[in-house]
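Here the structure comes first, spelled out in structure tokens, and everything after it is commentary.
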Amino acid sequence: TPGVKFRADFSQATVAPRQHRLFHRIGWSPAARNCAFERLGKREVQQALINHLLDAARVDQEPLENERVEVDLAAVLRSCATAACLRYHVPPENVELNLVPGVVWARPLDIEMLFRNLIDNALKYAGDPPWVGIESRPQGCGRVITRISDNGPGIPADLRRKIFGRFVRAGNELERSKPGTGLGLFIVRTLARRLRGRVSVSSRVPAPGTVFEVELPGEPALEEEPAAAGALPQQG
């Protein structure tokens, strides 16, 4: 079966011994790993699972002090949005940016993983045609708030706490129509907490959709730059 075949591919070819050790470190039993493997039925989501498992293993590793640097949050958000548009074949003009430059003190990989997963999630579950809004601005009290909005079907209120669990996905209908691993939002919540921040989810009002809000310690960027607003630039 596809799941059995993938388990063989996963153990024998795709994942290096060092990566196997990362998976073991986060304490997943064979049953938990098989739960993820059984979600797979198409080749295109196999690599996504491996990437999510590796991300989930990395979030368990505390960064060294010398790995924490000033991270340009607006630049990370633009980069993640551009990559997600290419990955999901979405025109860049369907992503609306409203970014006031701000910095956070963190390991760059952690910030990239956090917002890559949120932006990927927004584009994957957006409506037809898809629309995603990305807004970020310092709050003047040592915090930076970033909101990722989409025009998808939304998340029922009774599932909004559960979706941040490991291997949890929002409903059978979405599982049938949108392949996934159930790890992305677990990674987001874990990283937000480790960065002394928080993540919350709400409905987009009055239009349909979902808003994820991430609050992190940060401050305005020192350089005097205008706010980056509008759609992503067209790819050449």
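By order in the structure tokens, chains are A, B, ...; within a chain, residues start at 1; ligands start at 1, following the order shown.
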
Which residues are near A:Pro220? Cut-off 7 Å, only C-alpha atoms, ignore same chain within fewer than 3 positions. Put them as a PDB file with C-alpha atoms, in the first residue's frame.
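File written: selection.pdb
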```
ATOM      1  CA  PRO A 101       9.537  47.262   9.776  1.00  0.00           C
ATOM      2  CA  GLY A 102      10.280  45.571  13.073  1.00  0.00           C
ATOM      3  CA  VAL A 103      12.931  43.310  14.549  1.00  0.00           C
ATOM      4  CA  PRO A 138       5.509  46.994  16.375  1.00  0.00           C
TER       5      PRO A 138
END
```

Test item: residues at most 10 Å from stretch 148-164 of chain A, only C-alpha atoms, excluding those fewer than 6 positions along its chain, as a PyMOL selection string: chain A and resi 95-97+115+118-119+121-136+170-171+174+182-190+199-204+207-214

Pick from A:Ala83, A:Met113, A:Ala192, A:Ala74: nearest to A:Asn51, with only C-alpha atoms counted?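 Distance minimum relative to A:Asn51 lands on A:Met113.
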
Separation of atom CA of A:Pro217 and atom CA of A:Arg143, in Å?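 Here the two named atoms are 4.4 Å from each other.
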
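As for atom CA of A:Glu219 and atom CA of A:Leu77, they are spaced 15.8 Å apart.
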
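Among the candidates A:Val76, A:Leu54, A:Leu99, A:Cys85, the one nearest to A:Gly230 when counting only C-alpha atoms is A:Leu99.
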